[in-house]
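Just below is one structure, and these are the notes that go with it.
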Amino acid sequence: MSSAQDPRWWRSAVIYQIYPRSFADSSGDGVGDLRGVTAHLDDLASLGVDALWLSPFQVSPQKDAGYDVADYCDVDPIFGSLADFDEMLAGAHARGIRIIVDLVPNHSSDQHAWFQQALTAGPGSAERARYVFRDGKGEDGEVPPNNWESVFGGPAWSRVTEPDGTPGQWYLHLFDASQPDFDWSNPEVREMFRGVLRFWLDRGVDGFRVDVAHGLVKADGLPDYTPPADTGSMGGEQADVPYWGQPGVHEIWRDWRTVLEEYDGDRALCAEAWMPSPDITALWVRPDEMHQAFNFPYLETPWNAPALRKVITDSLRAFGGVGAPATWVLSNHDVVRHASRLALTAENPQGAGIGPDSPGKPDPIIGIARARAATTLMLALPGSAYLYQGEELGLPEVIDLPDHARQDPTWFRTNGQRYGRDGCRVPIPWTSTAPAYGFSPDGASWLPQPEEFATLARDIQETDPDSTLWLYRTLLAERRERHLGTGTLTWLNEYPDDIIAFRNGTLTILANTGTHPAPLPPGTIIAQSGPLPHGTLPPDTTAWLTTP
């Protein structure tokens with residue numbers, strides 16, 4: 001049974017992330033939109049994915065590319081209308097593709113009606129109690145309430161001017177100053193989001209990806225905390241952080257799970273939870289909480305066989321131990337694309353990005369070889385897999401964006417010390433000879449596209465059986481046909497340490513992370529990430545084969 005037929009589709013689904021700003025622009029304004037998604041639904045169906053996750057398209061001032069929401073129950077005009085959303089949803093469902101909506105519950109935009117009311121109402125008001133407002137320290141309250149830093153750099157607190165014109169309280173924003181954090185101890189906040197869930201469920205969506213699902217609840221007393229140097233901005237390497245992974249978040253997700261279970265069909269919740277290990281991440285997917293959680297420990301693992309074997313083993317054990325599927329992901333809108341990241345030779349903390357002056361810039365030939373090999377490995381694993389738009393074209397991180405074109409708040413809040421995430425968000429190429437490579441009819445593009453996109457455009461790859469696009473199609477078709485997502489992994493231990501080797505169903509999967517070719521066993525090749533000369537598996541190559 002395919003994942004499209006399985007009532008628990010989310011256990012083995014391949015879910016494709018659409019970053020709407022950068023997918024396809026139907027209007028010509030240089031920003032992707034929902035009609036652009038609808039126009040390419042046949043392309044997504046031919047790729048072979050089971051579901052689409054759309055990054056935020058709700059009403060927003062776009063200070064953080066839509067992750068600053070001003071109205072959770074409407075579509076921002078730059079992306080279209082609710083009617084456009086309904087048309088896209090119906091078109092996806094007609095093709096057997098499910099739709100997952102991105103929700104941002106940790107914070108809103110400062111343009112949200114509630115925050116504007118909080119500014120007007122003043123200290124001690126019910127309106128301010130919906131957000132994390134605190135008095136400052138010092139003689140005149142001029143010092144922030146604590147020393148927390150924003151994920152995007154700089155302090156996590158901003159001071160407001162009170163209605164009478166005097167300097168007043170401070171509000172918490174773990175991200176940009178335009179993104180004030182909600183106070184989730186407030187019943188009003190909880191009830192508002194129940195309504196948001198029902199609004200989209202009533203329209204027929206199949207689930208939600210939950211932004212910053214390890215956030216929301218802050219430790220009592222808001223104690224000072226200084227993260228280790230060079231740690232990832234979302235806290236993936238850290239434990240016991242007063243604003244990440246607090247126990248109270250689990251009560252929120254249990255409440256959301258009960259809302260989803262009010263509806264017929266099988267709707268799913270997926271957590272963006274940057275936690276230090278699969279065992280801790282698995283706490284988000286216990287039977288009465290979320291259905292899935294992104295496996296960021298896997299994403300952050302280097303192209304190294306012993307390290308990959310460990311994180312795969314730990315993930316299957318940890319997620320399986322709570323009855324949840326493991327998930328696998330290599331790229332998304334917040335990290336350096338894996339066609340570049342896997343070839344970096346210097347440390348690159350999550351959120352830092354890479355640019356013209358970054359150390360250890362990737363070799364593009366090694367990068368694409370490792371990316372293809374890593375994806376071929378990932379799609380053979382049991383569980384659910386996430387793909388990020390453009391990775392099926394082998395797109396690299398765009399490194400040489402001019403400074404004046406950058407838009408990520410990280411770039412501005414760190415005064416250019418971190419490049420941020422723009423490089424993985426550049427609009428994707430569809431047609432090699434068209435304006436904006438087919439992204440926009442008039443050649444407009446909210447971030448500039450590099451010339452190399454002409455050689456990576458979808459129309460070029462359509463006719464090349466050795467292209468990355470054809471590799472993805474082959475892998476997804478074989479994965480579905482052979483039920484790899486619902487299969488069982490058995491390690492094969494007779495291979496050298498730098499070879500990852502396992503069986504899933506009738507397939508043997510071999511991945512070479514070393515520096516020397518390895519012999520292949522007798523058998524029939526089903527899929528391969530690159531050439532296999534003289535019956536060997538070269539470095540940075542993965543193969544699927546059936547063996548006698």
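Simple scheme: letters A, B, ... for chains in structure tokens order, numbers from 1 for residues in each chain, numbers from 1 for ligands in the order shown.
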Pull the strand (DSSP E or B) assignments for range 15-129 of chain A out of DSSP run on the backbone, and list those residues as an MDAnalysis selection string. chainID A and resid 15:18 51:54 58:59 71:75 98:103 107
So which residues touch range 307-318 of chain A within 7 Å, counting only C-alpha atoms, skipping near sequence neighbours fewer than 6 positions away, as an NGL selection string? :A and (278-279 or 282 or 298 or 301 or 326 or 500)
Return the single residue from A:Phe502, A:Leu216, A:Gly487, A:Ala373 that is closest to Asp540 in chain A, with distances computed using only C-alpha atoms. A:Ala373
Residue contacts of Ala271 in chain A (6 Å, only C-alpha atoms) excluding same-chain residues fewer than 5 positions away, as a ChimeraX atom specification: /A:210,213,293
Selection file, N, CA and C atoms, as a short mmCIF file (atom, residue, chain, number, x, y, z; two decimals), in the first residue's frame:
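Below you can see part-v4.cif, which holds the result:
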```
data_model
loop_
_atom_site.label_atom_id
_atom_site.label_comp_id
_atom_site.auth_asym_id
_atom_site.auth_seq_id
_atom_site.Cartn_x
_atom_site.Cartn_y
_atom_site.Cartn_z
N VAL A 210 4.76 22.99 12.68
CA VAL A 210 4.71 23.96 13.77
C VAL A 210 6.09 24.57 13.97
N ALA A 213 8.62 24.69 17.60
CA ALA A 213 7.79 23.89 18.52
C ALA A 213 8.47 23.60 19.84
N ALA A 293 8.38 14.76 14.19
CA ALA A 293 9.28 15.87 14.54
C ALA A 293 10.47 15.81 13.60
#
```
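Across the structure, CA of Trp303 in chain A and CA of Pro538 in chain A are spaced 14.4 Å apart.
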Do a neighbour search on Arg421 in chain A at 12 Å with only C-alpha atoms, toss out local chain neighbours closer than 5 positions, and write the hits as a PDB file with all heavy atoms, in the first residue's frame.
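Dumped to out05.pdb:
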```pdb
ATOM      1  N   ASP A  64      10.242  39.000   8.246  1.00  0.00           N
ATOM      2  CA  ASP A  64      10.985  37.741   8.296  1.00  0.00           C
ATOM      3  C   ASP A  64      10.364  36.752   7.319  1.00  0.00           C
ATOM      4  O   ASP A  64      10.082  35.602   7.658  1.00  0.00           O
ATOM      5  CB  ASP A  64      11.012  37.170   9.722  1.00  0.00           C
ATOM      6  CG  ASP A  64      11.888  35.920   9.834  1.00  0.00           C
ATOM      7  OD1 ASP A  64      12.806  35.757   9.007  1.00  0.00           O
ATOM      8  OD2 ASP A  64      11.635  35.105  10.744  1.00  0.00           O
ATOM      9  N   ALA A  65      10.109  37.243   6.099  1.00  0.00           N
ATOM     10  CA  ALA A  65       9.622  36.399   5.009  1.00  0.00           C
ATOM     11  C   ALA A  65       8.390  35.576   5.399  1.00  0.00           C
ATOM     12  O   ALA A  65       8.270  34.413   5.048  1.00  0.00           O
ATOM     13  CB  ALA A  65      10.736  35.490   4.509  1.00  0.00           C
ATOM     14  N   PHE A 152      18.436  35.953  15.930  1.00  0.00           N
ATOM     15  CA  PHE A 152      18.956  36.696  14.793  1.00  0.00           C
ATOM     16  C   PHE A 152      20.100  37.640  15.164  1.00  0.00           C
ATOM     17  O   PHE A 152      20.552  38.429  14.341  1.00  0.00           O
ATOM     18  CB  PHE A 152      17.837  37.517  14.138  1.00  0.00           C
ATOM     19  CG  PHE A 152      16.762  36.696  13.479  1.00  0.00           C
ATOM     20  CD1 PHE A 152      15.496  37.228  13.289  1.00  0.00           C
ATOM     21  CD2 PHE A 152      17.009  35.418  13.035  1.00  0.00           C
ATOM     22  CE1 PHE A 152      14.500  36.489  12.664  1.00  0.00           C
ATOM     23  CE2 PHE A 152      16.028  34.663  12.421  1.00  0.00           C
ATOM     24  CZ  PHE A 152      14.770  35.196  12.232  1.00  0.00           C
ATOM     25  N   SER A 233      21.940  28.658  16.069  1.00  0.00           N
ATOM     26  CA  SER A 233      21.066  29.712  16.572  1.00  0.00           C
ATOM     27  C   SER A 233      19.766  29.192  17.155  1.00  0.00           C
ATOM     28  O   SER A 233      19.157  29.846  18.000  1.00  0.00           O
ATOM     29  CB  SER A 233      20.750  30.709  15.444  1.00  0.00           C
ATOM     30  OG  SER A 233      20.043  30.084  14.395  1.00  0.00           O
ATOM     31  N   SER A 331      17.746  19.336   3.863  1.00  0.00           N
ATOM     32  CA  SER A 331      17.744  20.770   3.566  1.00  0.00           C
ATOM     33  C   SER A 331      16.397  21.374   3.930  1.00  0.00           C
ATOM     34  O   SER A 331      15.372  20.680   3.940  1.00  0.00           O
ATOM     35  CB  SER A 331      18.017  21.024   2.071  1.00  0.00           C
ATOM     36  OG  SER A 331      19.374  20.883   1.751  1.00  0.00           O
ATOM     37  N   ASN A 332      16.401  22.671   4.216  1.00  0.00           N
ATOM     38  CA  ASN A 332      15.167  23.435   4.372  1.00  0.00           C
ATOM     39  C   ASN A 332      15.498  24.921   4.215  1.00  0.00           C
ATOM     40  O   ASN A 332      16.610  25.270   3.837  1.00  0.00           O
ATOM     41  CB  ASN A 332      14.462  23.120   5.707  1.00  0.00           C
ATOM     42  CG  ASN A 332      15.259  23.548   6.930  1.00  0.00           C
ATOM     43  OD1 ASN A 332      16.025  24.514   6.912  1.00  0.00           O
ATOM     44  ND2 ASN A 332      15.084  22.834   8.030  1.00  0.00           N
ATOM     45  N   HIS A 333      14.539  25.768   4.508  1.00  0.00           N
ATOM     46  CA  HIS A 333      14.684  27.204   4.274  1.00  0.00           C
ATOM     47  C   HIS A 333      15.565  27.896   5.310  1.00  0.00           C
ATOM     48  O   HIS A 333      15.796  29.107   5.186  1.00  0.00           O
ATOM     49  CB  HIS A 333      13.302  27.863   4.279  1.00  0.00           C
ATOM     50  CG  HIS A 333      12.631  27.785   5.616  1.00  0.00           C
ATOM     51  ND1 HIS A 333      12.161  26.609   6.144  1.00  0.00           N
ATOM     52  CD2 HIS A 333      12.371  28.735   6.545  1.00  0.00           C
ATOM     53  CE1 HIS A 333      11.643  26.836   7.336  1.00  0.00           C
ATOM     54  NE2 HIS A 333      11.756  28.120   7.610  1.00  0.00           N
ATOM     55  N   ASP A 334      16.046  27.180   6.313  1.00  0.00           N
ATOM     56  CA  ASP A 334      16.848  27.779   7.385  1.00  0.00           C
ATOM     57  C   ASP A 334      18.302  27.332   7.389  1.00  0.00           C
ATOM     58  O   ASP A 334      19.079  27.791   8.228  1.00  0.00           O
ATOM     59  CB  ASP A 334      16.244  27.431   8.753  1.00  0.00           C
ATOM     60  CG  ASP A 334      15.030  28.272   9.116  1.00  0.00           C
ATOM     61  OD1 ASP A 334      14.935  29.413   8.615  1.00  0.00           O
ATOM     62  OD2 ASP A 334      14.185  27.801   9.891  1.00  0.00           O
ATOM     63  N   VAL A 335      18.682  26.409   6.514  1.00  0.00           N
ATOM     64  CA  VAL A 335      20.037  25.858   6.558  1.00  0.00           C
ATOM     65  C   VAL A 335      20.686  25.946   5.183  1.00  0.00           C
ATOM     66  O   VAL A 335      20.009  26.046   4.155  1.00  0.00           O
ATOM     67  CB  VAL A 335      20.043  24.385   7.046  1.00  0.00           C
ATOM     68  CG1 VAL A 335      19.417  24.266   8.425  1.00  0.00           C
ATOM     69  CG2 VAL A 335      19.335  23.462   6.058  1.00  0.00           C
ATOM     70  N   VAL A 336      22.008  25.896   5.166  1.00  0.00           N
ATOM     71  CA  VAL A 336      22.745  25.859   3.903  1.00  0.00           C
ATOM     72  C   VAL A 336      22.337  24.604   3.130  1.00  0.00           C
ATOM     73  O   VAL A 336      22.300  23.499   3.682  1.00  0.00           O
ATOM     74  CB  VAL A 336      24.258  25.866   4.176  1.00  0.00           C
ATOM     75  CG1 VAL A 336      25.049  25.663   2.883  1.00  0.00           C
ATOM     76  CG2 VAL A 336      24.672  27.169   4.859  1.00  0.00           C
ATOM     77  N   ARG A 337      21.997  24.781   1.854  1.00  0.00           N
ATOM     78  CA  ARG A 337      21.576  23.627   1.039  1.00  0.00           C
ATOM     79  C   ARG A 337      22.617  22.514   1.096  1.00  0.00           C
ATOM     80  O   ARG A 337      23.826  22.775   1.056  1.00  0.00           O
ATOM     81  CB  ARG A 337      21.359  24.064  -0.413  1.00  0.00           C
ATOM     82  CG  ARG A 337      20.064  24.838  -0.656  1.00  0.00           C
ATOM     83  CD  ARG A 337      19.878  25.108  -2.142  1.00  0.00           C
ATOM     84  NE  ARG A 337      18.608  25.757  -2.437  1.00  0.00           N
ATOM     85  CZ  ARG A 337      17.452  25.133  -2.632  1.00  0.00           C
ATOM     86  NH1 ARG A 337      17.398  23.809  -2.528  1.00  0.00           N
ATOM     87  NH2 ARG A 337      16.349  25.803  -2.916  1.00  0.00           N
ATOM     88  N   PRO A 349      27.834  27.110  11.943  1.00  0.00           N
ATOM     89  CA  PRO A 349      26.672  26.932  12.810  1.00  0.00           C
ATOM     90  C   PRO A 349      25.363  27.229  12.076  1.00  0.00           C
ATOM     91  O   PRO A 349      25.311  28.100  11.197  1.00  0.00           O
ATOM     92  CB  PRO A 349      26.913  27.940  13.939  1.00  0.00           C
ATOM     93  CG  PRO A 349      28.388  28.190  13.927  1.00  0.00           C
ATOM     94  CD  PRO A 349      28.804  28.063  12.495  1.00  0.00           C
ATOM     95  N   GLN A 350      24.323  26.503  12.453  1.00  0.00           N
ATOM     96  CA  GLN A 350      23.017  26.708  11.829  1.00  0.00           C
ATOM     97  C   GLN A 350      22.614  28.176  11.953  1.00  0.00           C
ATOM     98  O   GLN A 350      22.728  28.789  13.000  1.00  0.00           O
ATOM     99  CB  GLN A 350      21.972  25.813  12.512  1.00  0.00           C
ATOM    100  CG  GLN A 350      20.596  25.851  11.877  1.00  0.00           C
ATOM    101  CD  GLN A 350      19.746  26.985  12.401  1.00  0.00           C
ATOM    102  OE1 GLN A 350      19.830  27.333  13.578  1.00  0.00           O
ATOM    103  NE2 GLN A 350      18.932  27.568  11.537  1.00  0.00           N
ATOM    104  N   GLY A 351      22.160  28.734  10.825  1.00  0.00           N
ATOM    105  CA  GLY A 351      21.722  30.116  10.798  1.00  0.00           C
ATOM    106  C   GLY A 351      22.791  31.093  10.377  1.00  0.00           C
ATOM    107  O   GLY A 351      22.488  32.243  10.062  1.00  0.00           O
ATOM    108  N   ALA A 352      24.072  30.659  10.368  1.00  0.00           N
ATOM    109  CA  ALA A 352      25.152  31.579  10.005  1.00  0.00           C
ATOM    110  C   ALA A 352      25.194  31.846   8.517  1.00  0.00           C
ATOM    111  O   ALA A 352      25.530  32.938   8.076  1.00  0.00           O
ATOM    112  CB  ALA A 352      26.499  31.036  10.481  1.00  0.00           C
ATOM    113  N   GLY A 353      24.871  30.822   7.712  1.00  0.00           N
ATOM    114  CA  GLY A 353      24.940  30.970   6.276  1.00  0.00           C
ATOM    115  C   GLY A 353      26.372  31.019   5.770  1.00  0.00           C
ATOM    116  O   GLY A 353      27.335  30.975   6.538  1.00  0.00           O
ATOM    117  N   ILE A 354      26.497  31.093   4.434  1.00  0.00           N
ATOM    118  CA  ILE A 354      27.814  31.255   3.831  1.00  0.00           C
ATOM    119  C   ILE A 354      27.734  32.349   2.776  1.00  0.00           C
ATOM    120  O   ILE A 354      26.692  32.568   2.154  1.00  0.00           O
ATOM    121  CB  ILE A 354      28.364  29.947   3.215  1.00  0.00           C
ATOM    122  CG1 ILE A 354      27.364  29.321   2.238  1.00  0.00           C
ATOM    123  CG2 ILE A 354      28.754  28.965   4.278  1.00  0.00           C
ATOM    124  CD1 ILE A 354      27.903  28.095   1.535  1.00  0.00           C
ATOM    125  N   GLY A 355      28.847  33.036   2.590  1.00  0.00           N
ATOM    126  CA  GLY A 355      28.907  34.134   1.646  1.00  0.00           C
ATOM    127  C   GLY A 355      30.306  34.303   1.099  1.00  0.00           C
ATOM    128  O   GLY A 355      31.184  33.451   1.314  1.00  0.00           O
ATOM    129  N   GLU A 397      23.822  26.205  -2.540  1.00  0.00           N
ATOM    130  CA  GLU A 397      23.642  27.482  -1.860  1.00  0.00           C
ATOM    131  C   GLU A 397      24.173  28.599  -2.768  1.00  0.00           C
ATOM    132  O   GLU A 397      25.233  28.455  -3.392  1.00  0.00           O
ATOM    133  CB  GLU A 397      24.421  27.484  -0.544  1.00  0.00           C
ATOM    134  CG  GLU A 397      24.179  28.684   0.344  1.00  0.00           C
ATOM    135  CD  GLU A 397      22.943  28.539   1.212  1.00  0.00           C
ATOM    136  OE1 GLU A 397      22.217  27.533   1.040  1.00  0.00           O
ATOM    137  OE2 GLU A 397      22.722  29.418   2.062  1.00  0.00           O
ATOM    138  N   VAL A 398      23.429  29.701  -2.848  1.00  0.00           N
ATOM    139  CA  VAL A 398      23.909  30.849  -3.611  1.00  0.00           C
ATOM    140  C   VAL A 398      24.798  31.674  -2.684  1.00  0.00           C
ATOM    141  O   VAL A 398      24.322  32.283  -1.726  1.00  0.00           O
ATOM    142  CB  VAL A 398      22.744  31.684  -4.166  1.00  0.00           C
ATOM    143  CG1 VAL A 398      23.282  32.886  -4.949  1.00  0.00           C
ATOM    144  CG2 VAL A 398      21.864  30.822  -5.073  1.00  0.00           C
ATOM    145  N   ILE A 399      26.078  31.667  -2.970  1.00  0.00           N
ATOM    146  CA  ILE A 399      27.071  32.264  -2.066  1.00  0.00           C
ATOM    147  C   ILE A 399      27.295  33.742  -2.367  1.00  0.00           C
ATOM    148  O   ILE A 399      27.454  34.556  -1.455  1.00  0.00           O
ATOM    149  CB  ILE A 399      28.403  31.481  -2.156  1.00  0.00           C
ATOM    150  CG1 ILE A 399      28.199  30.032  -1.688  1.00  0.00           C
ATOM    151  CG2 ILE A 399      29.487  32.155  -1.332  1.00  0.00           C
ATOM    152  CD1 ILE A 399      29.409  29.151  -1.869  1.00  0.00           C
ATOM    153  N   LEU A 401      25.666  36.421  -3.292  1.00  0.00           N
ATOM    154  CA  LEU A 401      24.630  37.453  -3.303  1.00  0.00           C
ATOM    155  C   LEU A 401      25.253  38.801  -2.935  1.00  0.00           C
ATOM    156  O   LEU A 401      26.030  38.890  -1.976  1.00  0.00           O
ATOM    157  CB  LEU A 401      23.535  37.120  -2.294  1.00  0.00           C
ATOM    158  CG  LEU A 401      22.557  36.007  -2.671  1.00  0.00           C
ATOM    159  CD1 LEU A 401      21.688  35.660  -1.467  1.00  0.00           C
ATOM    160  CD2 LEU A 401      21.692  36.407  -3.850  1.00  0.00           C
ATOM    161  N   ARG A 406      20.573  41.388   0.085  1.00  0.00           N
ATOM    162  CA  ARG A 406      20.234  40.495   1.193  1.00  0.00           C
ATOM    163  C   ARG A 406      19.036  41.025   1.981  1.00  0.00           C
ATOM    164  O   ARG A 406      18.884  42.236   2.156  1.00  0.00           O
ATOM    165  CB  ARG A 406      21.442  40.295   2.109  1.00  0.00           C
ATOM    166  CG  ARG A 406      22.577  39.565   1.402  1.00  0.00           C
ATOM    167  CD  ARG A 406      23.731  39.221   2.315  1.00  0.00           C
ATOM    168  NE  ARG A 406      24.773  38.537   1.566  1.00  0.00           N
ATOM    169  CZ  ARG A 406      24.799  37.230   1.327  1.00  0.00           C
ATOM    170  NH1 ARG A 406      23.829  36.460   1.809  1.00  0.00           N
ATOM    171  NH2 ARG A 406      25.771  36.693   0.621  1.00  0.00           N
ATOM    172  N   GLN A 407      18.207  40.086   2.475  1.00  0.00           N
ATOM    173  CA  GLN A 407      16.985  40.472   3.168  1.00  0.00           C
ATOM    174  C   GLN A 407      16.777  39.774   4.500  1.00  0.00           C
ATOM    175  O   GLN A 407      15.870  40.130   5.248  1.00  0.00           O
ATOM    176  CB  GLN A 407      15.774  40.214   2.259  1.00  0.00           C
ATOM    177  CG  GLN A 407      15.825  41.007   0.963  1.00  0.00           C
ATOM    178  CD  GLN A 407      14.507  41.016   0.228  1.00  0.00           C
ATOM    179  OE1 GLN A 407      13.439  40.967   0.834  1.00  0.00           O
ATOM    180  NE2 GLN A 407      14.575  41.104  -1.089  1.00  0.00           N
ATOM    181  N   ASP A 408      17.585  38.786   4.822  1.00  0.00           N
ATOM    182  CA  ASP A 408      17.404  38.057   6.074  1.00  0.00           C
ATOM    183  C   ASP A 408      17.685  38.980   7.264  1.00  0.00           C
ATOM    184  O   ASP A 408      18.721  39.650   7.295  1.00  0.00           O
ATOM    185  CB  ASP A 408      18.371  36.865   6.106  1.00  0.00           C
ATOM    186  CG  ASP A 408      18.100  35.897   7.256  1.00  0.00           C
ATOM    187  OD1 ASP A 408      17.454  36.291   8.240  1.00  0.00           O
ATOM    188  OD2 ASP A 408      18.541  34.742   7.162  1.00  0.00           O
ATOM    189  N   PRO A 409      16.793  39.010   8.269  1.00  0.00           N
ATOM    190  CA  PRO A 409      17.066  39.834   9.454  1.00  0.00           C
ATOM    191  C   PRO A 409      18.399  39.530  10.129  1.00  0.00           C
ATOM    192  O   PRO A 409      19.002  40.412  10.752  1.00  0.00           O
ATOM    193  CB  PRO A 409      15.890  39.505  10.384  1.00  0.00           C
ATOM    194  CG  PRO A 409      14.803  39.029   9.490  1.00  0.00           C
ATOM    195  CD  PRO A 409      15.480  38.341   8.344  1.00  0.00           C
ATOM    196  N   THR A 410      18.861  38.280  10.011  1.00  0.00           N
ATOM    197  CA  THR A 410      20.148  37.922  10.619  1.00  0.00           C
ATOM    198  C   THR A 410      21.276  38.798  10.082  1.00  0.00           C
ATOM    199  O   THR A 410      22.165  39.220  10.834  1.00  0.00           O
ATOM    200  CB  THR A 410      20.465  36.438  10.332  1.00  0.00           C
ATOM    201  OG1 THR A 410      19.438  35.624  10.896  1.00  0.00           O
ATOM    202  CG2 THR A 410      21.804  36.034  10.916  1.00  0.00           C
ATOM    203  N   TRP A 411      21.273  39.065   8.791  1.00  0.00           N
ATOM    204  CA  TRP A 411      22.313  39.883   8.169  1.00  0.00           C
ATOM    205  C   TRP A 411      22.360  41.275   8.792  1.00  0.00           C
ATOM    206  O   TRP A 411      23.429  41.804   9.101  1.00  0.00           O
ATOM    207  CB  TRP A 411      22.048  39.953   6.667  1.00  0.00           C
ATOM    208  CG  TRP A 411      22.840  40.963   5.907  1.00  0.00           C
ATOM    209  CD1 TRP A 411      22.415  42.174   5.443  1.00  0.00           C
ATOM    210  CD2 TRP A 411      24.212  40.857   5.501  1.00  0.00           C
ATOM    211  NE1 TRP A 411      23.418  42.824   4.774  1.00  0.00           N
ATOM    212  CE2 TRP A 411      24.541  42.044   4.787  1.00  0.00           C
ATOM    213  CE3 TRP A 411      25.202  39.890   5.667  1.00  0.00           C
ATOM    214  CZ2 TRP A 411      25.794  42.273   4.247  1.00  0.00           C
ATOM    215  CZ3 TRP A 411      26.456  40.113   5.124  1.00  0.00           C
ATOM    216  CH2 TRP A 411      26.750  41.284   4.431  1.00  0.00           C
ATOM    217  N   PHE A 412      21.175  41.849   9.015  1.00  0.00           N
ATOM    218  CA  PHE A 412      21.120  43.220   9.520  1.00  0.00           C
ATOM    219  C   PHE A 412      21.374  43.281  11.024  1.00  0.00           C
ATOM    220  O   PHE A 412      22.079  44.175  11.507  1.00  0.00           O
ATOM    221  CB  PHE A 412      19.763  43.837   9.183  1.00  0.00           C
ATOM    222  CG  PHE A 412      19.503  43.903   7.698  1.00  0.00           C
ATOM    223  CD1 PHE A 412      18.676  42.979   7.086  1.00  0.00           C
ATOM    224  CD2 PHE A 412      20.128  44.862   6.919  1.00  0.00           C
ATOM    225  CE1 PHE A 412      18.458  43.026   5.720  1.00  0.00           C
ATOM    226  CE2 PHE A 412      19.910  44.918   5.548  1.00  0.00           C
ATOM    227  CZ  PHE A 412      19.073  43.994   4.950  1.00  0.00           C
ATOM    228  N   VAL A 426      16.873  31.585  -2.656  1.00  0.00           N
ATOM    229  CA  VAL A 426      16.842  32.208  -3.979  1.00  0.00           C
ATOM    230  C   VAL A 426      15.814  31.486  -4.851  1.00  0.00           C
ATOM    231  O   VAL A 426      15.756  30.253  -4.866  1.00  0.00           O
ATOM    232  CB  VAL A 426      18.243  32.150  -4.622  1.00  0.00           C
ATOM    233  CG1 VAL A 426      18.204  32.658  -6.056  1.00  0.00           C
ATOM    234  CG2 VAL A 426      19.229  32.967  -3.785  1.00  0.00           C
ATOM    235  N   LEU A 447      15.091  37.870  -4.868  1.00  0.00           N
ATOM    236  CA  LEU A 447      16.525  37.712  -4.672  1.00  0.00           C
ATOM    237  C   LEU A 447      17.143  37.383  -6.026  1.00  0.00           C
ATOM    238  O   LEU A 447      16.549  36.628  -6.810  1.00  0.00           O
ATOM    239  CB  LEU A 447      16.831  36.579  -3.680  1.00  0.00           C
ATOM    240  CG  LEU A 447      16.621  36.845  -2.189  1.00  0.00           C
ATOM    241  CD1 LEU A 447      16.796  35.548  -1.395  1.00  0.00           C
ATOM    242  CD2 LEU A 447      17.572  37.923  -1.671  1.00  0.00           C
TER     243      LEU A 447
END
```
Using the chain letters and numbers from this document, which residues of range 294-349 of chain A does DSSP assign to helix (DSSP H, G or I), as a ChimeraX atom specification? /A:296-299,305-321,338-341
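Minimum distance to Trp470 in chain A across A:Gln528, A:Gln62, A:Asn512, A:Thr431 (counting only C-alpha atoms) occurs at A:Gln528.
In this comparison, which uses only C-alpha atoms, the residue of A:Arg458, A:Arg413, A:His112, A:Arg370 approaching Asp43 in chain A most closely is A:Arg458.
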Using only C-alpha atoms, which residues sit within 10 Å of Ala239 in chain A once same-chain residues fewer than 6 positions away are excluded, as number ranges by chain? A: 245-246, 275-277, 280
With a distance cut-off of 8 Å and only C-alpha atoms, select the neighbouring residues of Gly390 in chain A, excluding the residue or stretch itself and same-chain residues fewer than 4 positions from it, and output the selection as a PyMOL selection string. chain A and resi 394-395+428
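The two atoms in question, CA of Val143 in chain A and CA of Leu222 in chain A, are spaced 14.5 Å apart.
Excluding Ala444 in chain A itself and any same-chain residue fewer than 5 positions from it, the protein and nucleic acid residues within 9 Å of it, counting only C-alpha atoms, are A:Asp25, A:Gly28, A:Asp29, A:Gly30, A:Val31, A:Pro435, A:Ala436, A:Phe439.
With distances restricted to only C-alpha atoms, A:Leu47 is the closest residue to Glu462 in chain A from A:Thr506, A:Leu47, A:Pro450, A:Pro531.
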